[in-house]
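Engineer: Provided herewith: structure_17.txt, compact mmCIF, C-alpha atoms.
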```txt
# COMPACT_ATOMS: atom_id res chain seq x y z
CA MET B 11 -11.98 3.61 15.75
CA ARG B 12 -8.35 2.94 14.90
CA ALA B 13 -5.93 5.44 13.43
CA VAL B 14 -5.20 3.06 10.56
CA ALA B 15 -7.61 0.86 8.63
CA VAL B 16 -7.96 -1.09 5.41
CA THR B 17 -11.64 -1.60 4.73
CA SER B 18 -14.19 -2.33 2.03
CA ASP B 19 -16.61 0.06 3.77
CA ARG B 20 -17.24 3.56 2.37
CA LEU B 21 -14.71 6.00 3.85
CA GLU B 22 -15.60 9.03 5.89
CA LEU B 23 -13.23 11.85 6.72
CA GLU B 24 -15.04 13.33 9.70
CA PRO B 25 -14.33 10.46 12.14
CA LEU B 26 -10.63 10.72 11.33
CA VAL B 27 -10.66 14.46 11.93
CA CYS B 28 -12.33 13.86 15.29
CA LEU B 29 -9.82 11.16 16.15
CA VAL B 30 -6.75 13.30 15.49
CA ALA B 31 -8.38 16.37 17.06
CA ASP B 32 -8.69 14.37 20.27
CA GLY B 33 -10.83 16.99 21.92
CA GLY B 34 -9.08 19.94 20.32
CA GLY B 35 -6.29 22.29 21.30
CA HIS B 36 -3.92 21.35 18.49
CA GLY B 37 -4.29 24.48 16.40
CA ALA B 38 -4.32 22.90 12.95
CA ILE B 39 -5.88 19.90 11.26
CA ALA B 40 -5.12 19.13 7.63
CA SER B 41 -6.89 16.44 5.65
CA PHE B 42 -6.59 14.68 2.32
CA VAL B 43 -9.18 12.69 0.42
CA GLY B 44 -8.09 10.70 -2.62
CA THR B 45 -10.95 10.00 -5.02
CA VAL B 46 -11.45 7.89 -8.13
CA ARG B 47 -10.67 9.89 -11.25
CA ASP B 48 -12.81 9.40 -14.38
CA HIS B 49 -9.79 9.45 -16.70
CA ASN B 50 -6.22 8.17 -16.67
CA LEU B 51 -3.62 8.37 -19.47
CA ASN B 52 -6.32 9.25 -22.02
CA ARG B 53 -8.47 6.31 -20.94
CA ARG B 54 -12.06 6.80 -19.82
CA VAL B 55 -12.12 5.02 -16.48
CA THR B 56 -15.35 3.26 -15.52
CA HIS B 57 -14.39 2.03 -12.04
CA LEU B 58 -11.51 0.72 -9.93
CA GLU B 59 -10.99 -2.44 -7.90
CA TYR B 60 -8.50 -2.13 -5.05
CA GLU B 61 -6.83 -5.24 -3.71
CA ALA B 62 -4.76 -5.35 -0.51
CA TYR B 63 -2.54 -7.76 1.35
CA GLU B 64 -4.40 -6.69 4.45
CA PRO B 65 -2.24 -7.78 7.40
CA LEU B 66 0.88 -6.33 5.79
CA ALA B 67 -0.96 -3.22 4.60
CA MET B 68 -2.02 -2.54 8.19
CA LYS B 69 1.58 -2.89 9.39
CA ALA B 70 2.83 -0.62 6.62
CA LEU B 71 0.25 2.04 7.52
CA GLU B 72 1.28 1.78 11.17
CA GLN B 73 4.91 2.22 10.13
CA ILE B 74 3.97 5.37 8.19
CA VAL B 75 2.11 6.81 11.18
CA ALA B 76 5.14 6.08 13.37
CA GLU B 77 7.50 7.69 10.84
CA ALA B 78 5.32 10.82 10.74
CA GLY B 79 5.45 10.93 14.54
CA ALA B 80 9.25 10.76 14.46
CA GLN B 81 9.51 13.39 11.72
CA TRP B 82 7.06 15.84 13.30
CA PRO B 83 7.01 15.27 17.07
CA GLY B 84 3.56 15.79 18.56
CA ILE B 85 1.75 15.16 15.26
CA ARG B 86 -1.40 13.04 15.34
CA VAL B 87 -2.16 11.18 12.13
CA ALA B 88 -4.91 8.84 10.95
CA VAL B 89 -5.26 7.10 7.57
CA HIS B 90 -7.90 4.73 6.19
CA HIS B 91 -7.64 3.00 2.81
CA ARG B 92 -10.53 1.41 0.98
CA THR B 93 -10.54 -1.87 -0.95
CA GLY B 94 -12.94 -3.56 -3.36
CA HIS B 95 -15.12 -1.96 -6.04
CA LEU B 96 -14.96 1.84 -6.19
CA ALA B 97 -17.08 4.01 -8.45
CA ILE B 98 -15.95 7.28 -10.01
CA GLY B 99 -15.73 9.90 -7.28
CA ASP B 100 -15.57 7.43 -4.41
CA ALA B 101 -12.91 8.09 -1.77
CA SER B 102 -10.08 5.54 -1.93
CA ILE B 103 -8.08 7.04 0.93
CA VAL B 104 -8.72 9.53 3.72
CA ILE B 105 -5.98 11.09 5.83
CA ALA B 106 -6.09 13.56 8.72
CA ALA B 107 -3.18 15.15 10.57
CA ALA B 108 -3.33 17.40 13.62
CA SER B 109 -0.52 19.63 14.82
CA ALA B 110 0.10 22.83 16.74
CA HIS B 111 0.72 24.71 13.49
CA ARG B 112 -0.52 24.41 9.91
CA GLY B 113 2.87 23.72 8.34
CA ASN B 114 3.40 20.41 10.05
CA ALA B 115 -0.23 19.38 9.62
CA PHE B 116 -0.07 19.92 5.84
CA ALA B 117 3.36 18.31 5.60
CA ALA B 118 2.39 15.21 7.56
CA CYS B 119 -0.74 14.77 5.46
CA ARG B 120 1.29 14.94 2.25
CA TYR B 121 3.93 12.65 3.72
CA VAL B 122 1.37 9.96 4.49
CA ILE B 123 -0.04 9.85 0.94
CA GLU B 124 3.45 9.85 -0.62
CA ARG B 125 4.53 7.01 1.65
CA VAL B 126 1.34 5.02 1.02
CA LYS B 127 2.19 5.07 -2.67
CA GLN B 128 5.69 3.78 -1.87
CA ILE B 129 5.28 0.96 0.61
CA VAL B 130 1.68 -0.12 1.30
CA PRO B 131 0.77 -3.41 -0.42
CA ILE B 132 -2.39 -2.24 -2.15
CA TRP B 133 -3.02 -2.45 -5.89
CA LYS B 134 -5.32 -0.53 -8.17
CA HIS B 135 -7.05 -2.49 -10.95
CA GLU B 136 -8.30 0.05 -13.45
CA PHE B 137 -11.31 -0.73 -15.63
CA PHE B 138 -11.77 1.58 -18.56
CA GLU B 139 -13.71 1.73 -21.80
CA GLY B 140 -12.13 -1.02 -23.87
CA GLY B 141 -10.13 -2.89 -21.26
CA GLU B 142 -8.55 -3.20 -17.84
CA VAL B 143 -5.05 -2.85 -16.44
CA TRP B 144 -3.27 -3.31 -13.12
CA ILE B 145 -1.58 -0.06 -12.17
CA GLU B 146 1.98 -0.65 -10.96
CA GLY B 147 3.86 2.10 -9.16
CA ALA B 148 6.73 1.66 -6.74
CA THR B 149 8.60 -1.48 -5.74
CA ALA B 150 7.75 -1.64 -2.05
CA ASN B 151 10.80 -1.45 0.19
CA PRO B 152 9.93 -0.16 3.65
CA THR B 153 13.59 0.13 4.73
CA ASP B 154 14.72 2.18 1.71
CA ASP B 155 15.74 5.42 3.40
CA ALA B 156 16.18 7.28 0.11
CA ALA B 157 12.48 6.71 -0.67
CA ARG B 158 11.48 7.85 2.81
CA LEU B 159 13.57 11.01 2.49
CA GLU B 160 12.02 11.69 -0.92
CA ALA B 161 8.59 11.53 0.74
CA VAL B 162 9.81 14.00 3.39
CA ARG B 163 11.15 16.28 0.66
CA ARG B 164 7.84 16.25 -1.21
CA ALA B 165 5.93 16.78 2.04
CA CYS B 166 7.95 19.89 2.81
CA ALA B 167 8.14 21.29 -0.75
CA MET Y 5 1.86 -21.46 0.97
CA VAL Y 6 2.57 -18.91 -1.74
CA ARG Y 7 0.33 -15.85 -1.96
CA LEU Y 8 0.11 -13.78 -5.12
CA PHE Y 9 -1.45 -10.43 -5.72
CA ALA Y 10 -2.71 -8.24 -8.55
CA ARG Y 11 -1.16 -9.08 -11.93
CA LEU Y 12 0.84 -11.99 -10.47
CA ARG Y 13 -2.40 -13.53 -9.24
CA ASP Y 14 -3.93 -13.10 -12.70
CA ILE Y 15 -0.93 -14.77 -14.36
CA ALA Y 16 -1.05 -17.75 -11.99
CA GLY Y 17 -4.83 -17.93 -12.11
CA ALA Y 18 -4.88 -18.33 -8.32
CA ALA Y 19 -4.35 -16.19 -5.23
CA ASP Y 20 -2.80 -19.03 -3.23
CA LEU Y 21 -0.53 -21.84 -4.38
CA ALA Y 22 0.58 -24.76 -2.24
CA ARG Y 23 4.18 -25.56 -3.13
CA ASP Y 24 6.67 -27.86 -1.39
CA VAL Y 25 10.18 -26.46 -1.41
CA PRO Y 26 13.41 -28.17 -0.31
CA ALA Y 27 14.68 -27.44 3.20
CA GLY Y 28 16.85 -24.34 3.22
CA SER Y 29 15.10 -22.72 0.27
CA THR Y 30 15.09 -18.96 0.10
CA ALA Y 31 12.39 -16.61 -1.11
CA ALA Y 32 14.44 -16.17 -4.27
CA ASP Y 33 14.41 -19.94 -4.84
CA VAL Y 34 10.61 -19.99 -4.61
CA TRP Y 35 10.41 -17.04 -6.98
CA ARG Y 36 12.67 -18.77 -9.54
CA ALA Y 37 10.48 -21.88 -9.39
CA LEU Y 38 7.39 -19.73 -9.94
CA VAL Y 39 8.95 -18.01 -12.94
CA ALA Y 40 9.84 -21.43 -14.37
CA GLU Y 41 6.21 -22.42 -13.97
CA PHE Y 42 4.79 -19.09 -15.18
CA PRO Y 43 7.34 -17.52 -17.57
CA GLU Y 44 5.22 -14.37 -17.86
CA MET Y 45 6.28 -13.52 -14.30
CA ALA Y 46 9.89 -13.09 -15.42
CA ARG Y 47 9.32 -9.43 -16.21
CA TYR Y 48 8.84 -8.84 -12.48
CA ASP Y 49 12.31 -10.21 -11.61
CA SER Y 50 13.67 -6.79 -10.74
CA SER Y 51 10.50 -5.18 -9.38
CA ILE Y 52 8.85 -7.60 -6.96
CA SER Y 53 8.90 -7.37 -3.19
CA THR Y 54 8.41 -10.31 -0.90
CA ALA Y 55 6.88 -10.88 2.50
CA VAL Y 56 7.16 -13.87 4.79
CA ASN Y 57 4.33 -14.43 7.27
CA ALA Y 58 2.96 -10.97 6.50
CA ASP Y 59 6.20 -9.10 7.18
CA TYR Y 60 8.36 -7.59 4.48
CA ALA Y 61 11.39 -9.79 3.88
CA LYS Y 62 14.47 -9.96 1.68
CA MET Y 63 14.70 -12.37 -1.23
CA THR Y 64 17.60 -14.01 0.63
CA THR Y 65 15.34 -14.99 3.56
CA THR Y 66 15.40 -18.71 4.29
CA LEU Y 67 11.97 -20.29 4.62
CA SER Y 68 10.72 -22.62 7.33
CA ASP Y 69 7.95 -25.19 7.33
CA ASN Y 70 4.47 -23.70 7.01
CA ASP Y 71 5.71 -20.22 6.20
CA GLU Y 72 3.42 -18.07 4.12
CA ILE Y 73 5.40 -16.31 1.41
CA ALA Y 74 3.88 -13.52 -0.62
CA PHE Y 75 5.15 -11.95 -3.82
CA LEU Y 76 4.13 -8.35 -4.36
CA PRO Y 77 4.24 -6.56 -7.70
CA PRO Y 78 4.90 -2.79 -7.56
CA VAL Y 79 2.25 -1.22 -5.35
CA SER Y 80 -0.32 1.36 -6.45
CA GLY Y 81 -2.38 2.36 -3.44
CA GLY Y 82 -3.65 5.83 -2.66
```
Could you express the structure from this file as structure tokens?

Structural biologist:
Amino acid sequence: MRAVAVTSDRLELEPLVCLVADGGGHGAIASFVGTVRDHNLNRRVTHLEYEAYEPLAMKALEQIVAEAGAQWPGIRVAVHHRTGHLAIGDASIVIAAASAHRGNAFAACRYVIERVKQIVPIWKHEFFEGGEVWIEGATANPTDDAARLEAVRRACA
Amino acid sequence: MVRLFARLRDIAGAADLARDVPAGSTAADVWRALVAEFPEMARYDSSISTAVNADYAKMTTTLSDNDEIAFLPPVSGG
């Protein structure tokens, strides 16, 4: 299994935890699971469709893993993002980070999700009672250092 | 080839468009031609990103024959 993936298969956290644990001895593993919410901006959400520009999304995820490694030396990070039809409660993203101490593990985990929302070419198509809408967040710019530093700031808040 | 995603794909009614562009054209030139064809895309003028051959690129990037250019509306993964 790879540390990064974009897949239409159902996501599982446990394999990522095992991957970053790498046999153990790290001291701390933090994880994050993003799931499909049943409401958004007062709309009753029925399901989501995620679309990705897959080859670029993979590169962007690899960049994020590399950035986390530079920010927190020794960290081990894995992140898988799902695409396609997701029902309420389904996991859209799973992240695991292993470190010697809990602080860096939590921080790296948070960093990865913040960065995914900034630079990974994946889009959320929300279907709700009465309509549908493409959710649009950040203009992706992987070399914008201010955005990267904002992700670091949030990770360490 | 031009690749479009999310709302841009919906506006164009297609994920891929084959478009011939003059030699020396930049990503911005291709975008302007798209907006001329699909005026609804104009509202993305200041918020799109672009990628050439599946690597992020600047709008000033000059295109070569057979390049794949993608236009990306603001992302919303996670």

Engineer: Could you tell me how far atom CA of Phe42 of chain B sits from atom CA of Glu22 of chain B, in Å to one decimal place?

Structural biologist: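 Calculated distance between atom CA of Glu22 of chain B and atom CA of Phe42 of chain B is 11.2 Å.
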
Engineer: Which of these, B:Ala110, B:Ala97, B:Leu66, B:Ile103, has the shortest distance to Pro152 of chain B once you count only C-alpha atoms?

Structural biologist: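 For Pro152 of chain B, the nearest of the candidates is B:Leu66.
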
Engineer: Residues of chain B were defined as contacting chain Y if any atom lay at most 6 Å from it, counting only C-alpha atoms; please report them as a list of chain:residue names.

Structural biologist: B:Leu66, B:Ile103, B:Lys127, B:Pro131, B:Ile132, B:Trp133, B:Lys134, B:Glu146, B:Gly147, B:Ala148, B:Thr149, B:Ala150

Engineer: Select all residues near (11.2, -21.5, 2.6) (cut-off 7 Å, inclusive, file coordinates), counting all atoms listed in the file, and output them as JSON, numbers by chain.

Structural biologist: {"Y": [25, 27, 28, 29, 30, 31, 66, 67, 68, 69, 71]}

Engineer: Would you write out those residues with C-alpha atoms, as a short mmCIF file (atom, residue, chain, number, x, y, z; two decimals), in the frame of the given file?

Structural biologist:
```cif
data_model
loop_
_atom_site.label_atom_id
_atom_site.label_comp_id
_atom_site.auth_asym_id
_atom_site.auth_seq_id
_atom_site.Cartn_x
_atom_site.Cartn_y
_atom_site.Cartn_z
CA VAL Y 25 10.18 -26.46 -1.41
CA ALA Y 27 14.68 -27.44 3.20
CA GLY Y 28 16.85 -24.34 3.22
CA SER Y 29 15.10 -22.72 0.27
CA THR Y 30 15.09 -18.96 0.10
CA ALA Y 31 12.39 -16.61 -1.11
CA THR Y 66 15.40 -18.71 4.29
CA LEU Y 67 11.97 -20.29 4.62
CA SER Y 68 10.72 -22.62 7.33
CA ASP Y 69 7.95 -25.19 7.33
CA ASP Y 71 5.71 -20.22 6.20
#
```

Engineer: What does the distance between atom CA of Ala106 of chain B and atom CA of Gly84 of chain B come to in Å, to one decimal place?

Structural biologist: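 The value is 14.0 Å.
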
Engineer: Calculate how many Å separate atom CA of Val30 of chain B from atom CA of Ala67 of chain B, rounding to one decimal.

Structural biologist: 20.6 Å

Engineer: Which of these residues is nearest to Glu44 of chain Y, using all atoms listed in the file: Y:Met63, Y:Ile15, Y:Ala32, Y:Ala22?

Structural biologist: Y:Ile15

Engineer: List the spatial neighbours of His90 of chain B as a VMD selection string - criterion: any atom at most 7 Å away, only C-alpha atoms, same-chain residues fewer than 6 positions off excluded.

Structural biologist: chain B and resid 14 to 16 103 to 105

Engineer: Name all residues at most 12 Å from Val89 of chain B (count only C-alpha atoms; drop same-chain ones fewer than 4 positions away) and give them as a short mmCIF file (atom, residue, chain, number, x, y, z; two decimals) with C-alpha atoms, in the coordinates of the input.

Structural biologist:
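In the end it all went to selection39.cif:
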```
data_model
loop_
_atom_site.label_atom_id
_atom_site.label_comp_id
_atom_site.auth_asym_id
_atom_site.auth_seq_id
_atom_site.Cartn_x
_atom_site.Cartn_y
_atom_site.Cartn_z
CA MET B 11 -11.98 3.61 15.75
CA ARG B 12 -8.35 2.94 14.90
CA ALA B 13 -5.93 5.44 13.43
CA VAL B 14 -5.20 3.06 10.56
CA ALA B 15 -7.61 0.86 8.63
CA VAL B 16 -7.96 -1.09 5.41
CA THR B 17 -11.64 -1.60 4.73
CA LEU B 21 -14.71 6.00 3.85
CA GLU B 22 -15.60 9.03 5.89
CA LEU B 23 -13.23 11.85 6.72
CA GLU B 24 -15.04 13.33 9.70
CA PRO B 25 -14.33 10.46 12.14
CA LEU B 26 -10.63 10.72 11.33
CA VAL B 27 -10.66 14.46 11.93
CA LEU B 29 -9.82 11.16 16.15
CA VAL B 30 -6.75 13.30 15.49
CA SER B 41 -6.89 16.44 5.65
CA PHE B 42 -6.59 14.68 2.32
CA VAL B 43 -9.18 12.69 0.42
CA GLY B 44 -8.09 10.70 -2.62
CA ALA B 67 -0.96 -3.22 4.60
CA MET B 68 -2.02 -2.54 8.19
CA ALA B 70 2.83 -0.62 6.62
CA LEU B 71 0.25 2.04 7.52
CA GLU B 72 1.28 1.78 11.17
CA GLN B 73 4.91 2.22 10.13
CA ILE B 74 3.97 5.37 8.19
CA VAL B 75 2.11 6.81 11.18
CA ALA B 76 5.14 6.08 13.37
CA ALA B 78 5.32 10.82 10.74
CA SER B 102 -10.08 5.54 -1.93
CA ILE B 103 -8.08 7.04 0.93
CA VAL B 104 -8.72 9.53 3.72
CA ILE B 105 -5.98 11.09 5.83
CA ALA B 106 -6.09 13.56 8.72
CA ALA B 107 -3.18 15.15 10.57
CA ALA B 118 2.39 15.21 7.56
CA CYS B 119 -0.74 14.77 5.46
CA ARG B 120 1.29 14.94 2.25
CA TYR B 121 3.93 12.65 3.72
CA VAL B 122 1.37 9.96 4.49
CA ILE B 123 -0.04 9.85 0.94
CA ARG B 125 4.53 7.01 1.65
CA VAL B 126 1.34 5.02 1.02
CA VAL B 130 1.68 -0.12 1.30
CA GLY Y 82 -3.65 5.83 -2.66
#
```

Engineer: Which residue gives the smallest distance to Thr64 of chain Y among Y:Val34, Y:Val39, Y:Met5, Y:Ala19, with only C-alpha atoms counted?

Structural biologist: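 Looking only at the distances to Thr64 of chain Y, the closest residue turns out to be Y:Val34.
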